[in-house]
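Below: run-v3.tsv (TSV, C-alpha atoms and all ligand atoms)
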chain	number	residue	atom	x	y	z
A	17	MET	CA	-35.92	-9.36	-15.16
A	18	THR	CA	-38.15	-7.97	-17.90
A	19	ASP	CA	-40.82	-5.39	-17.04
A	20	ASP	CA	-43.55	-8.05	-17.21
A	21	SER	CA	-41.74	-10.46	-14.98
A	22	ILE	CA	-40.94	-7.78	-12.35
A	23	ASP	CA	-44.65	-6.99	-12.08
A	24	THR	CA	-45.58	-10.65	-11.86
A	25	PHE	CA	-42.83	-11.49	-9.38
A	26	LEU	CA	-43.82	-8.65	-7.04
A	27	ALA	CA	-47.48	-9.64	-7.15
A	28	GLN	CA	-46.78	-13.20	-5.94
A	29	PRO	CA	-48.51	-13.85	-2.61
A	30	PHE	CA	-46.08	-14.66	0.19
A	31	GLY	CA	-47.64	-18.09	0.67
A	32	GLY	CA	-47.41	-18.13	4.44
A	33	GLY	CA	-49.44	-20.00	7.05
A	34	GLU	CA	-53.24	-20.02	6.55
A	35	GLY	CA	-52.63	-18.76	3.00
A	36	SER	CA	-51.44	-15.36	4.17
A	37	VAL	CA	-50.37	-13.20	1.20
A	38	THR	CA	-47.96	-11.10	3.28
A	39	PRO	CA	-45.15	-12.35	5.52
A	40	PRO	CA	-45.69	-12.45	9.28
A	41	ILE	CA	-43.90	-9.81	11.35
A	42	TYR	CA	-41.50	-11.72	13.59
A	43	GLN	CA	-41.34	-9.09	16.30
A	44	SER	CA	-38.90	-11.13	18.35
A	45	SER	CA	-35.36	-10.25	19.33
A	46	LEU	CA	-34.29	-13.86	19.78
A	47	PHE	CA	-35.22	-17.38	18.74
A	48	THR	CA	-34.84	-20.25	21.19
A	49	PHE	CA	-33.67	-23.86	20.84
A	50	ASP	CA	-35.17	-27.04	22.26
A	51	ASP	CA	-32.10	-28.73	23.64
A	52	PHE	CA	-28.39	-28.51	24.32
A	53	SER	CA	-27.31	-30.17	21.10
A	54	ALA	CA	-29.51	-28.03	18.82
A	55	PHE	CA	-28.22	-24.87	20.50
A	56	GLU	CA	-24.64	-26.15	20.44
A	57	ALA	CA	-24.88	-27.07	16.76
A	58	ARG	CA	-26.17	-23.63	15.79
A	59	MET	CA	-23.53	-21.84	17.86
A	60	SER	CA	-20.78	-23.94	16.31
A	61	GLY	CA	-21.84	-22.74	12.89
A	62	GLN	CA	-24.11	-25.54	11.64
A	63	GLY	CA	-27.17	-24.53	9.68
A	64	ASN	CA	-28.49	-21.01	9.60
A	65	ARG	CA	-31.56	-21.16	11.81
A	66	THR	CA	-32.57	-17.74	13.13
A	67	LEU	CA	-30.75	-16.89	16.33
A	68	TYR	CA	-30.90	-13.20	17.09
A	69	SER	CA	-32.53	-10.30	15.21
A	70	ARG	CA	-29.41	-8.11	15.11
A	71	VAL	CA	-28.11	-10.41	12.39
A	72	GLN	CA	-31.13	-12.24	10.97
A	73	ASN	CA	-34.89	-12.31	11.21
A	74	PRO	CA	-37.45	-14.06	8.96
A	75	THR	CA	-39.28	-10.80	8.08
A	76	GLN	CA	-35.97	-9.20	7.08
A	77	ASP	CA	-35.25	-12.33	5.02
A	78	ALA	CA	-38.49	-11.88	3.06
A	79	PHE	CA	-37.50	-8.32	2.08
A	80	GLU	CA	-33.88	-9.24	1.38
A	81	GLN	CA	-34.84	-12.12	-0.90
A	82	MET	CA	-37.15	-9.86	-2.92
A	83	MET	CA	-34.43	-7.23	-3.31
A	84	ALA	CA	-31.79	-9.79	-4.35
A	85	LYS	CA	-34.11	-11.09	-7.02
A	86	LEU	CA	-35.06	-7.60	-8.28
A	87	GLU	CA	-31.45	-6.40	-8.54
A	88	GLY	CA	-30.28	-9.71	-10.00
A	89	GLY	CA	-27.86	-10.37	-7.14
A	90	GLU	CA	-27.14	-13.56	-5.21
A	91	ALA	CA	-27.93	-12.09	-1.80
A	92	ALA	CA	-29.03	-8.95	0.03
A	93	VAL	CA	-28.87	-7.48	3.50
A	94	GLY	CA	-31.24	-4.91	4.96
A	95	PHE	CA	-30.20	-1.97	7.17
A	96	ALA	CA	-31.78	0.57	9.50
A	97	SER	CA	-31.16	3.38	6.99
A	98	GLY	CA	-29.54	4.13	3.67
A	99	MET	CA	-26.62	5.62	5.61
A	100	ALA	CA	-26.24	2.40	7.63
A	101	ALA	CA	-26.08	0.51	4.32
A	102	ILE	CA	-23.47	2.94	2.94
A	103	SER	CA	-21.30	3.00	6.07
A	104	SER	CA	-21.54	-0.78	6.49
A	105	VAL	CA	-20.33	-1.30	2.92
A	106	LEU	CA	-17.51	1.26	3.15
A	107	PHE	CA	-16.21	0.03	6.51
A	108	ALA	CA	-16.44	-3.61	5.40
A	109	PHE	CA	-14.39	-3.16	2.23
A	110	LEU	CA	-11.94	-0.35	3.10
A	111	LYS	CA	-9.05	-0.13	5.52
A	112	PRO	CA	-6.67	2.67	6.53
A	113	GLY	CA	-4.21	3.40	3.71
A	114	ASP	CA	-6.72	2.60	0.95
A	115	ARG	CA	-7.94	5.09	-1.62
A	116	LEU	CA	-11.65	5.56	-2.12
A	117	ALA	CA	-12.61	7.16	-5.45
A	118	CYS	CA	-15.97	8.90	-5.20
A	119	VAL	CA	-18.18	10.57	-7.79
A	120	GLU	CA	-18.63	14.34	-7.42
A	121	HIS	CA	-22.01	15.63	-6.22
A	122	VAL	CA	-22.44	12.53	-4.09
A	123	TYR	CA	-25.32	12.36	-1.56
A	124	PRO	CA	-24.52	14.98	1.14
A	125	ASP	CA	-24.33	12.62	4.13
A	126	ALA	CA	-22.25	10.10	2.17
A	127	TYR	CA	-19.86	12.99	1.52
A	128	ARG	CA	-19.81	13.88	5.22
A	129	LEU	CA	-19.16	10.23	6.14
A	130	MET	CA	-16.14	10.22	3.84
A	131	GLU	CA	-14.82	13.59	4.98
A	132	ARG	CA	-15.52	13.31	8.69
A	133	MET	CA	-14.98	9.61	9.39
A	134	LEU	CA	-13.22	7.73	6.60
A	135	GLY	CA	-10.62	10.47	6.08
A	136	PRO	CA	-9.61	10.69	9.76
A	137	TRP	CA	-9.60	6.84	9.87
A	138	GLY	CA	-6.85	6.89	7.24
A	139	VAL	CA	-8.70	6.38	3.97
A	140	GLU	CA	-7.69	8.77	1.20
A	141	VAL	CA	-10.82	10.04	-0.58
A	142	THR	CA	-10.57	11.47	-4.10
A	143	TYR	CA	-13.53	12.98	-5.97
A	144	HIS	CA	-14.06	12.68	-9.71
A	145	SER	CA	-16.46	14.00	-12.31
A	146	VAL	CA	-18.67	11.49	-14.11
A	147	THR	CA	-16.73	12.22	-17.32
A	148	GLU	CA	-13.40	11.50	-15.67
A	149	LEU	CA	-14.67	8.20	-14.19
A	150	GLN	CA	-16.18	7.18	-17.50
A	151	ASP	CA	-13.60	8.38	-20.02
A	152	ASN	CA	-10.27	8.13	-18.22
A	153	PRO	CA	-9.51	4.40	-17.72
A	154	ASP	CA	-6.76	5.28	-15.20
A	155	THR	CA	-8.86	7.27	-12.72
A	156	LEU	CA	-9.37	4.12	-10.66
A	157	LYS	CA	-5.77	2.93	-10.82
A	158	GLY	CA	-4.64	2.27	-7.25
A	159	ALA	CA	-8.12	2.83	-5.81
A	160	ALA	CA	-9.56	0.08	-3.58
A	161	LEU	CA	-13.17	1.09	-4.08
A	162	ALA	CA	-15.20	3.35	-6.37
A	163	TYR	CA	-18.32	4.87	-4.82
A	164	LEU	CA	-20.76	5.83	-7.57
A	165	GLU	CA	-24.17	7.35	-8.12
A	166	SER	CA	-25.76	7.42	-11.55
A	167	PRO	CA	-27.39	9.87	-11.63
A	168	ASN	CA	-25.53	11.73	-8.88
A	169	SER	CA	-27.28	13.92	-6.33
A	170	MET	CA	-28.80	17.30	-7.27
A	171	MET	CA	-26.96	17.65	-10.60
A	172	MET	CA	-28.42	14.33	-11.82
A	173	GLN	CA	-25.42	13.51	-14.01
A	174	VAL	CA	-25.40	9.95	-15.33
A	175	MET	CA	-22.46	7.77	-16.30
A	176	ASP	CA	-21.97	4.67	-18.42
A	177	LEU	CA	-21.77	2.18	-15.55
A	178	ARG	CA	-20.56	-0.68	-17.73
A	179	LYS	CA	-17.61	1.39	-18.89
A	180	VAL	CA	-16.71	2.43	-15.33
A	181	ALA	CA	-17.10	-1.18	-14.13
A	182	ASP	CA	-14.70	-2.32	-16.87
A	183	HIS	CA	-12.11	0.34	-15.92
A	184	ALA	CA	-12.45	-0.70	-12.27
A	185	LYS	CA	-12.02	-4.41	-13.04
A	186	ALA	CA	-8.82	-3.68	-14.96
A	187	HIS	CA	-7.37	-2.15	-11.77
A	188	GLY	CA	-8.85	-4.60	-9.24
A	189	CYS	CA	-11.07	-1.86	-7.82
A	190	LEU	CA	-14.43	-2.76	-6.24
A	191	THR	CA	-17.46	-0.79	-7.49
A	192	VAL	CA	-20.45	0.34	-5.43
A	193	VAL	CA	-23.51	2.08	-6.89
A	194	ASP	CA	-26.27	3.89	-5.01
A	195	ASN	CA	-29.31	2.91	-7.11
A	196	SER	CA	-31.96	4.75	-5.06
A	197	TRP	CA	-32.97	7.08	-7.92
A	198	ALA	CA	-33.47	4.51	-10.67
A	199	THR	CA	-34.62	1.54	-8.57
A	200	PRO	CA	-34.26	-1.95	-10.10
A	201	VAL	CA	-37.29	-1.13	-12.25
A	202	PHE	CA	-35.21	1.33	-14.31
A	203	GLN	CA	-31.60	0.16	-13.81
A	204	THR	CA	-29.82	-2.96	-12.57
A	205	PRO	CA	-26.14	-2.04	-12.06
A	206	LEU	CA	-25.05	-5.63	-11.24
A	207	ALA	CA	-26.01	-6.64	-14.79
A	208	LEU	CA	-23.65	-3.88	-16.01
A	209	GLY	CA	-20.69	-5.36	-14.13
A	210	ILE	CA	-20.96	-3.35	-10.89
A	211	ASP	CA	-20.03	-5.34	-7.75
A	212	ILE	CA	-22.34	-3.92	-5.08
A	213	VAL	CA	-25.66	-2.08	-5.29
A	214	LEU	CA	-27.23	-0.23	-2.40
A	215	HIS	CA	-30.35	1.79	-1.74
A	216	SER	CA	-31.79	4.26	0.60
A	217	ALA	CA	-34.97	2.16	0.88
A	218	SER	CA	-36.53	5.24	2.52
A	219	LYS	CA	-37.15	6.58	-0.99
A	220	TYR	CA	-38.86	4.69	-3.86
A	221	ILE	CA	-38.38	1.18	-2.43
A	222	CYS	CA	-40.64	2.14	0.48
A	223	GLY	CA	-42.58	4.72	-1.50
A	224	HIS	CA	-44.90	5.70	1.33
A	225	SER	CA	-42.74	8.15	3.33
A	226	ASP	CA	-43.19	6.11	6.49
A	227	THR	CA	-39.93	4.17	6.80
A	228	VAL	CA	-36.21	4.93	7.01
A	229	ALA	CA	-34.24	1.90	5.79
A	230	GLY	CA	-31.46	0.69	3.53
A	231	VAL	CA	-30.42	-2.41	1.64
A	232	VAL	CA	-27.31	-3.81	-0.06
A	233	VAL	CA	-27.36	-6.38	-2.88
A	234	ALA	CA	-24.30	-8.24	-4.21
A	235	SER	CA	-22.70	-11.67	-4.62
A	236	ASP	CA	-22.90	-14.23	-1.80
A	237	GLU	CA	-19.23	-13.55	-1.10
A	238	HIS	CA	-19.60	-9.78	-0.65
A	239	ILE	CA	-22.78	-10.09	1.40
A	240	ALA	CA	-21.09	-12.73	3.58
A	241	ARG	CA	-18.31	-10.25	4.35
A	242	ILE	CA	-20.83	-7.59	5.41
A	243	ARG	CA	-22.74	-10.16	7.48
A	244	ASP	CA	-19.49	-11.22	9.12
A	245	LEU	CA	-18.14	-7.73	9.85
A	246	THR	CA	-20.23	-4.60	9.78
A	247	LEU	CA	-23.77	-5.96	10.16
A	248	PRO	CA	-23.06	-7.59	13.56
A	249	LEU	CA	-20.32	-5.22	14.72
A	250	LEU	CA	-21.77	-1.83	13.76
A	251	GLY	CA	-25.27	-3.23	14.30
A	252	GLY	CA	-27.31	-1.05	11.93
A	253	LYS	CA	-29.89	-3.78	11.33
A	254	LEU	CA	-33.30	-3.45	9.74
A	255	ALA	CA	-36.27	-3.79	12.11
A	256	PRO	CA	-38.86	-6.53	11.39
A	257	PHE	CA	-41.77	-4.10	11.15
A	258	GLU	CA	-39.84	-1.84	8.78
A	259	ALA	CA	-38.88	-4.86	6.67
A	260	TRP	CA	-42.58	-5.72	6.50
A	261	LEU	CA	-43.41	-2.15	5.39
A	262	LEU	CA	-40.75	-2.42	2.68
A	263	VAL	CA	-42.24	-5.68	1.36
A	264	ARG	CA	-45.57	-3.84	1.31
A	265	GLY	CA	-43.92	-0.94	-0.59
A	266	LEU	CA	-42.24	-3.20	-3.14
A	267	ARG	CA	-45.59	-4.65	-4.25
A	268	THR	CA	-46.43	-1.40	-6.04
A	269	LEU	CA	-42.91	-0.31	-7.04
A	270	PRO	CA	-43.25	-0.89	-10.81
A	271	ALA	CA	-46.72	0.73	-10.92
A	272	ARG	CA	-45.47	3.73	-8.92
A	273	MET	CA	-42.36	4.11	-11.08
A	274	ARG	CA	-44.46	4.11	-14.26
A	275	GLU	CA	-46.64	6.85	-12.79
A	276	HIS	CA	-43.62	8.92	-11.62
A	277	GLN	CA	-42.16	8.54	-15.11
A	278	ARG	CA	-45.37	9.66	-16.82
A	279	THR	CA	-45.45	12.86	-14.75
A	280	ALA	CA	-41.70	13.44	-15.13
A	281	ASP	CA	-41.95	13.06	-18.92
A	282	LEU	CA	-44.72	15.65	-18.97
A	283	PHE	CA	-42.64	18.08	-16.87
A	284	VAL	CA	-39.47	17.62	-18.96
A	285	ASP	CA	-41.45	18.16	-22.12
A	286	ARG	CA	-43.17	21.35	-20.93
A	287	LEU	CA	-40.23	22.78	-18.97
A	288	GLY	CA	-38.19	22.68	-22.17
A	289	ALA	CA	-40.56	25.23	-23.67
A	290	ARG	CA	-40.43	27.70	-20.75
A	291	PRO	CA	-38.23	30.80	-21.18
A	292	GLU	CA	-37.57	30.93	-17.39
A	293	VAL	CA	-35.79	27.56	-17.49
A	294	VAL	CA	-32.05	27.28	-18.19
A	295	THR	CA	-31.67	23.50	-17.77
A	296	VAL	CA	-33.69	20.52	-16.64
A	297	ASN	CA	-31.53	17.79	-15.12
A	298	SER	CA	-33.59	14.66	-15.57
A	299	PRO	CA	-31.89	11.71	-17.25
A	300	GLY	CA	-34.24	9.69	-19.43
A	301	PRO	CA	-34.30	6.17	-20.86
A	302	ASN	CA	-31.17	5.23	-22.82
A	303	SER	CA	-29.35	8.46	-21.92
A	304	VAL	CA	-26.70	5.92	-20.80
A	305	PRO	CA	-26.60	2.17	-21.54
A	306	GLY	CA	-28.80	0.22	-19.16
A	307	LEU	CA	-30.99	3.11	-18.00
A	308	LYS	CA	-34.57	2.16	-18.82
A	309	GLY	CA	-36.67	4.93	-17.35
A	310	ARG	CA	-36.98	8.43	-15.89
A	311	SER	CA	-37.86	8.69	-12.22
A	312	GLY	CA	-39.66	11.58	-10.55
A	313	LEU	CA	-36.66	13.34	-8.96
A	314	MET	CA	-35.14	16.11	-11.08
A	315	SER	CA	-33.45	19.47	-10.72
A	316	ILE	CA	-34.29	22.63	-12.63
A	317	GLU	CA	-32.12	25.71	-13.05
A	318	PHE	CA	-33.99	28.98	-13.58
A	319	THR	CA	-32.83	32.20	-15.19
A	320	LYS	CA	-32.11	35.15	-12.90
A	321	ASP	CA	-35.58	36.48	-13.80
A	322	ILE	CA	-37.15	33.98	-11.43
A	323	ASP	CA	-37.24	34.79	-7.74
A	324	VAL	CA	-36.84	31.24	-6.36
A	325	ARG	CA	-38.21	32.13	-2.92
A	326	LYS	CA	-41.33	33.69	-4.44
A	327	PHE	CA	-41.69	30.74	-6.84
A	328	ALA	CA	-41.42	28.04	-4.18
A	329	ASP	CA	-43.71	29.89	-1.74
A	330	ALA	CA	-46.33	30.16	-4.51
A	331	LEU	CA	-46.54	26.37	-4.94
A	332	ASN	CA	-49.47	24.59	-3.32
A	333	LEU	CA	-48.94	20.94	-4.24
A	334	PHE	CA	-45.17	20.84	-3.65
A	335	HIS	CA	-44.09	20.78	-0.01
A	336	TYR	CA	-40.77	21.94	1.41
A	337	GLY	CA	-38.88	18.94	2.71
A	338	VAL	CA	-35.84	16.73	2.51
A	339	SER	CA	-36.07	13.13	1.29
A	340	TRP	CA	-38.01	12.15	-1.83
A	341	GLY	CA	-39.52	9.14	-3.59
A	342	GLY	CA	-42.85	9.13	-1.75
A	343	PHE	CA	-46.44	9.75	-2.86
A	344	GLU	CA	-46.21	13.49	-2.13
A	345	SER	CA	-44.48	16.12	-4.27
A	346	LEU	CA	-41.57	17.96	-2.67
A	347	ILE	CA	-39.23	20.84	-3.36
A	348	VAL	CA	-35.71	21.73	-2.15
A	349	PRO	CA	-34.26	25.05	-3.36
A	350	THR	CA	-30.45	24.82	-3.62
A	351	ALA	CA	-30.23	28.27	-2.00
A	352	ILE	CA	-31.38	26.66	1.25
A	353	THR	CA	-28.93	23.73	1.05
A	354	LEU	CA	-26.07	26.08	0.08
A	355	ALA	CA	-26.79	28.11	3.22
A	356	GLN	CA	-27.04	25.04	5.48
A	357	ALA	CA	-25.18	25.36	8.78
A	358	GLY	CA	-22.78	22.77	10.16
A	359	PRO	CA	-20.21	20.56	8.49
A	360	LYS	CA	-19.77	21.20	4.80
A	361	ASN	CA	-22.20	19.35	2.52
A	362	SER	CA	-21.48	18.17	-1.02
A	363	LEU	CA	-23.41	21.04	-2.64
A	364	GLN	CA	-21.17	23.51	-0.84
A	365	ALA	CA	-18.10	21.42	-1.73
A	366	PHE	CA	-18.76	20.93	-5.43
A	367	GLY	CA	-20.88	24.00	-6.14
A	368	VAL	CA	-24.37	24.21	-7.65
A	369	PRO	CA	-26.27	27.20	-9.07
A	370	ASP	CA	-28.29	29.03	-6.39
A	371	THR	CA	-31.14	29.51	-8.88
A	372	MET	CA	-31.88	25.79	-8.87
A	373	VAL	CA	-34.58	23.68	-7.27
A	374	ARG	CA	-34.85	19.93	-6.85
A	375	ILE	CA	-38.35	18.54	-7.14
A	376	SER	CA	-39.68	15.10	-6.33
A	377	LEU	CA	-42.80	14.48	-8.38
A	378	GLY	CA	-45.27	12.44	-6.37
A	379	LEU	CA	-48.38	10.52	-7.34
A	380	GLU	CA	-50.77	13.48	-7.61
A	381	ASP	CA	-52.52	14.11	-10.93
A	382	ALA	CA	-49.83	15.16	-13.43
A	383	GLU	CA	-51.86	18.00	-14.95
A	384	ALA	CA	-52.68	19.38	-11.50
A	385	LEU	CA	-48.98	19.35	-10.59
A	386	TRP	CA	-48.01	21.07	-13.81
A	387	SER	CA	-50.64	23.74	-13.49
A	388	ASP	CA	-49.49	24.46	-9.91
A	389	PHE	CA	-45.87	24.66	-11.09
A	390	GLU	CA	-46.65	26.84	-14.09
A	391	SER	CA	-48.74	29.35	-12.16
A	392	ALA	CA	-45.94	29.65	-9.55
A	393	LEU	CA	-43.52	30.41	-12.40
A	394	VAL	CA	-45.77	33.17	-13.63
A	395	THR	CA	-46.09	34.61	-10.10
A	396	ALA	CA	-42.31	34.48	-9.54
A	397	GLY	CA	-41.40	36.05	-12.86
A	398	SER	CA	-43.72	39.03	-12.58
B	1	LIG	C1	-31.65	9.64	1.23
B	1	LIG	C2	-30.48	9.14	0.51
B	1	LIG	C3	-29.50	8.37	1.14
B	1	LIG	C4	-29.52	8.13	2.63
B	1	LIG	O1	-30.55	7.30	2.99
B	1	LIG	P1	-31.25	7.31	4.45
B	1	LIG	O2	-32.25	6.22	4.31
B	1	LIG	O3	-31.84	8.67	4.63
B	1	LIG	O4	-30.19	7.03	5.44
B	1	LIG	C5	-28.49	7.84	0.37
B	1	LIG	N1	-28.42	8.06	-0.94
B	1	LIG	C6	-29.31	8.83	-1.59
B	1	LIG	C7	-29.17	9.06	-3.04
B	1	LIG	C8	-30.37	9.40	-0.89
B	1	LIG	O5	-31.25	10.18	-1.50
Rewrite the structure of this file - the entire thing - as structure tokens.
Amino acid sequence: MTDDSIDTFLAQPFGGGEGSVTPPIYQSSLFTFDDFSAFEARMSGQGNRTLYSRVQNPTQDAFEQMMAKLEGGEAAVGFASGMAAISSVLFAFLKPGDRLACVEHVYPDAYRLMERMLGPWGVEVTYHSVTELQDNPDTLKGAALAYLESPNSMMMQVMDLRKVADHAKAHGCLTVVDNSWATPVFQTPLALGIDIVLHSASKYICGHSDTVAGVVVASDEHIARIRDLTLPLLGGKLAPFEAWLLVRGLRTLPARMREHQRTADLFVDRLGARPEVVTVNSPGPNSVPGLKGRSGLMSIEFTKDIDVRKFADALNLFHYGVSWGGFESLIVPTAITLAQAGPKNSLQAFGVPDTMVRISLGLEDAEALWSDFESALVTAGS
């Protein structure tokens, strides 16, 4: 979809009963039938009338149809979280003995899922740099599935998804991309030849920091496999109210992404001129084919002259917190994630500088955010 048509599509009223512009919330676990033969017909596989909300619900349908359209896929399926979407895809398409090829610096809990569950289940997991995936056509030889993020987590490294999709196709390897950072407003991986796209809908898709959810978009065939296997059997379904909140969030997605981009452009521009900054990891439009915009999540590496603790404590408009993609600006210093207790996370596994912060630029006034950031830099460098 072009930028204009995304805006117009998302502003279409739902067209429900009484002219309602939003879909009703079907807060019902089950849907009944009038007689023996109607019930029998449905149970024997005829038609697709709603039966039970673990597998289907009209409010979920409304969200799923919007996401399929936005990502340019044939079908979509919503989940209770981004991790439910990820695990439901991986367990639906992998089996013991398979090799899963994963991008380095993958989302920390996706890494833990691979290390702590898929590995012990008998899946061999190999990790690869974006360069290796992109430039070595044989990296995916013998792999059943490639799990990709572009950009990847924390380091924000992008890859040419079309190239990787072509390498994968040559070896019969299925490709999955986590598109949470770019959203369909800035990148549509299916159009680049990727097989399956998924999101943590808790981030930009929701946009209001009030919902944890996930979604997968792909061909009818791939979505049918998930609906047959992991949606009903692992049961990580999306709740009707949360689906309704996501439809609400999607209405403003393009407008929010334009605003995040405007602020991110301003930060990238001004950070480049600061002596305290070593690198800004914030991929912009056309840094790889198919990437059309810059979202508000970026990481910044400081020189040793900056005391990161002092810097982050001096901020007023950026709040300490995990997650991202909402209206509020957030900060995560890598020093905290590197010191995290418990099972190893991907930052500890792949290594990141401890003088780095990840920021999520929210919807506050861009100049106010910059002035807060700049004065904290001055405080932390003195
Ligand atoms: C947050 C996040 C996830 C996990 O999503 P949840 O909704 O928290 O389960 C997956 N991928 C990325 C890139 C994320 O940032």
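Between atom C3 of ligand LIG 1 (chain B) and atom CA of A:Leu190 the interatomic distance comes to 20.1 Å.
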Quiz item: Can you tell me which residues sit at most 9 Å away from ligand LIG 1 (chain B), counting all atoms listed in the file, written as a PyMOL selection string?
Solution: chain A and resi 95-102+122-126+165+167-169+194-197+214-219+227-230+338-341
Could those residues be written to a file, using C-alpha atoms, as a short mmCIF file (atom, residue, chain, number, x, y, z; two decimals), in the coordinates of the input?
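Heads up, here's the output in result.cif:
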data_model
loop_
_atom_site.label_atom_id
_atom_site.label_comp_id
_atom_site.auth_asym_id
_atom_site.auth_seq_id
_atom_site.Cartn_x
_atom_site.Cartn_y
_atom_site.Cartn_z
CA PHE A 95 -30.20 -1.97 7.17
CA ALA A 96 -31.78 0.57 9.50
CA SER A 97 -31.16 3.38 6.99
CA GLY A 98 -29.54 4.13 3.67
CA MET A 99 -26.62 5.62 5.61
CA ALA A 100 -26.24 2.40 7.63
CA ALA A 101 -26.08 0.51 4.32
CA ILE A 102 -23.47 2.94 2.94
CA VAL A 122 -22.44 12.53 -4.09
CA TYR A 123 -25.32 12.36 -1.56
CA PRO A 124 -24.52 14.98 1.14
CA ASP A 125 -24.33 12.62 4.13
CA ALA A 126 -22.25 10.10 2.17
CA GLU A 165 -24.17 7.35 -8.12
CA PRO A 167 -27.39 9.87 -11.63
CA ASN A 168 -25.53 11.73 -8.88
CA SER A 169 -27.28 13.92 -6.33
CA ASP A 194 -26.27 3.89 -5.01
CA ASN A 195 -29.31 2.91 -7.11
CA SER A 196 -31.96 4.75 -5.06
CA TRP A 197 -32.97 7.08 -7.92
CA LEU A 214 -27.23 -0.23 -2.40
CA HIS A 215 -30.35 1.79 -1.74
CA SER A 216 -31.79 4.26 0.60
CA ALA A 217 -34.97 2.16 0.88
CA SER A 218 -36.53 5.24 2.52
CA LYS A 219 -37.15 6.58 -0.99
CA THR A 227 -39.93 4.17 6.80
CA VAL A 228 -36.21 4.93 7.01
CA ALA A 229 -34.24 1.90 5.79
CA GLY A 230 -31.46 0.69 3.53
CA VAL A 338 -35.84 16.73 2.51
CA SER A 339 -36.07 13.13 1.29
CA TRP A 340 -38.01 12.15 -1.83
CA GLY A 341 -39.52 9.14 -3.59
#
Practice problem: Enter the distance from atom CA of A:Asp236 to atom CA of A:Glu87, in Å, rounded to one decimal. | Solution: 13.4 Å
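Distance annotation: of A:Gln72, A:Ser103, A:Thr279, A:Asn332, the residue with the minimal separation from A:Met133 is A:Ser103; atom set is all atoms listed in the file.
Residues in contact with A:Pro112 at 9 Å, where all atoms listed in the file are counted and same-chain residues fewer than 6 positions away are skipped, are listed as Leu134, Gly135, Trp137, Gly138, Val139 and Glu140 of chain A.
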As JSON: centre and edge lengths in Å, one decimal, of the axis-aligned box holding stretch 254-259 of chain A with 3 Å per side:
{"center_x": -37.5, "center_y": -4.2, "center_z": 9.4, "size_x": 14.5, "size_y": 10.7, "size_z": 11.4}
Quiz item: Within 12 Å of A:Ala234, counting all atoms listed in the file, which residues qualify if same-chain residues fewer than 2 places away don't, as a PyMOL selection string?
Solution: chain A and resi 80-81+83-94+105+190-193+204-207+209-215+231-232+236-243
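Here the question is which of A:Val141, A:Val304, A:Met314, A:Ala351 gets nearest to A:Met172 using only C-alpha atoms, and that residue is A:Met314.
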Quiz item: Skipping near chain neighbours, those fewer than 2 positions away, what residues fall within 12 Å of stretch 393-398 of chain A using all atoms listed in the file, listed as a PyMOL selection string?
Solution: chain A and resi 287+290-293+318-331+386-391
For the residues in the current selection, export C-alpha atoms as a compact mmCIF listing (two decimals), keeping the file's coordinate frame.
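Dumped to out.txt:
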# COMPACT_ATOMS: atom_id res chain seq x y z
CA LEU A 287 -40.23 22.78 -18.97
CA ARG A 290 -40.43 27.70 -20.75
CA PRO A 291 -38.23 30.80 -21.18
CA GLU A 292 -37.57 30.93 -17.39
CA VAL A 293 -35.79 27.56 -17.49
CA PHE A 318 -33.99 28.98 -13.58
CA THR A 319 -32.83 32.20 -15.19
CA LYS A 320 -32.11 35.15 -12.90
CA ASP A 321 -35.58 36.48 -13.80
CA ILE A 322 -37.15 33.98 -11.43
CA ASP A 323 -37.24 34.79 -7.74
CA VAL A 324 -36.84 31.24 -6.36
CA ARG A 325 -38.21 32.13 -2.92
CA LYS A 326 -41.33 33.69 -4.44
CA PHE A 327 -41.69 30.74 -6.84
CA ALA A 328 -41.42 28.04 -4.18
CA ASP A 329 -43.71 29.89 -1.74
CA ALA A 330 -46.33 30.16 -4.51
CA LEU A 331 -46.54 26.37 -4.94
CA TRP A 386 -48.01 21.07 -13.81
CA SER A 387 -50.64 23.74 -13.49
CA ASP A 388 -49.49 24.46 -9.91
CA PHE A 389 -45.87 24.66 -11.09
CA GLU A 390 -46.65 26.84 -14.09
CA SER A 391 -48.74 29.35 -12.16
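Nearest to A:Phe283 of all the residues A:Leu307, A:Met171, A:Ala384, A:Leu354 is A:Ala384, based on all atoms listed in the file.
Excluding A:Glu317 itself and same-chain residues fewer than 6 positions from it, the residues having an atom within 6 Å of it are Val294, Thr295, Thr371 and Met372 of chain A, counting all atoms listed in the file.
Of the residues under consideration (A:Leu46, A:Ala57, A:Ala382, A:Leu208), A:Ala382 shows the shortest atom-to-atom contact distance to A:Arg286 when counting only C-alpha atoms.
Distances to A:Gln28 were evaluated for A:Leu254, A:Ala108, A:Met82, A:Ala159 using only C-alpha atoms, and the minimum falls at A:Met82.
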Quiz prompt | Between atom CA of A:Ser60 and atom CA of A:Leu249 - distance in Å to one decimal | solution = 18.8 Å
Self-check item: Distance criterion (only C-alpha atoms): nearest to A:Val284 out of A:Leu110, A:Ala160, A:Val296, A:Ile375
Solution: A:Val296
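Residues lying at most 8 Å from (-45.4, 16.2, -3.1) in file coordinates, with all atoms listed in the file considered, are Leu333, Phe334, His335, Gly342, Phe343, Glu344, Ser345, Leu346, Ile347, Ser376, Leu377, Gly378, Leu379 and Glu380 of chain A.
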Quiz item: Hey, what's within 8 Å of A:Met170 if we count only C-alpha atoms and toss same-chain stuff fewer than 4 positions away? As a PyMOL selection string, please?
Solution: chain A and resi 121+314-315+374
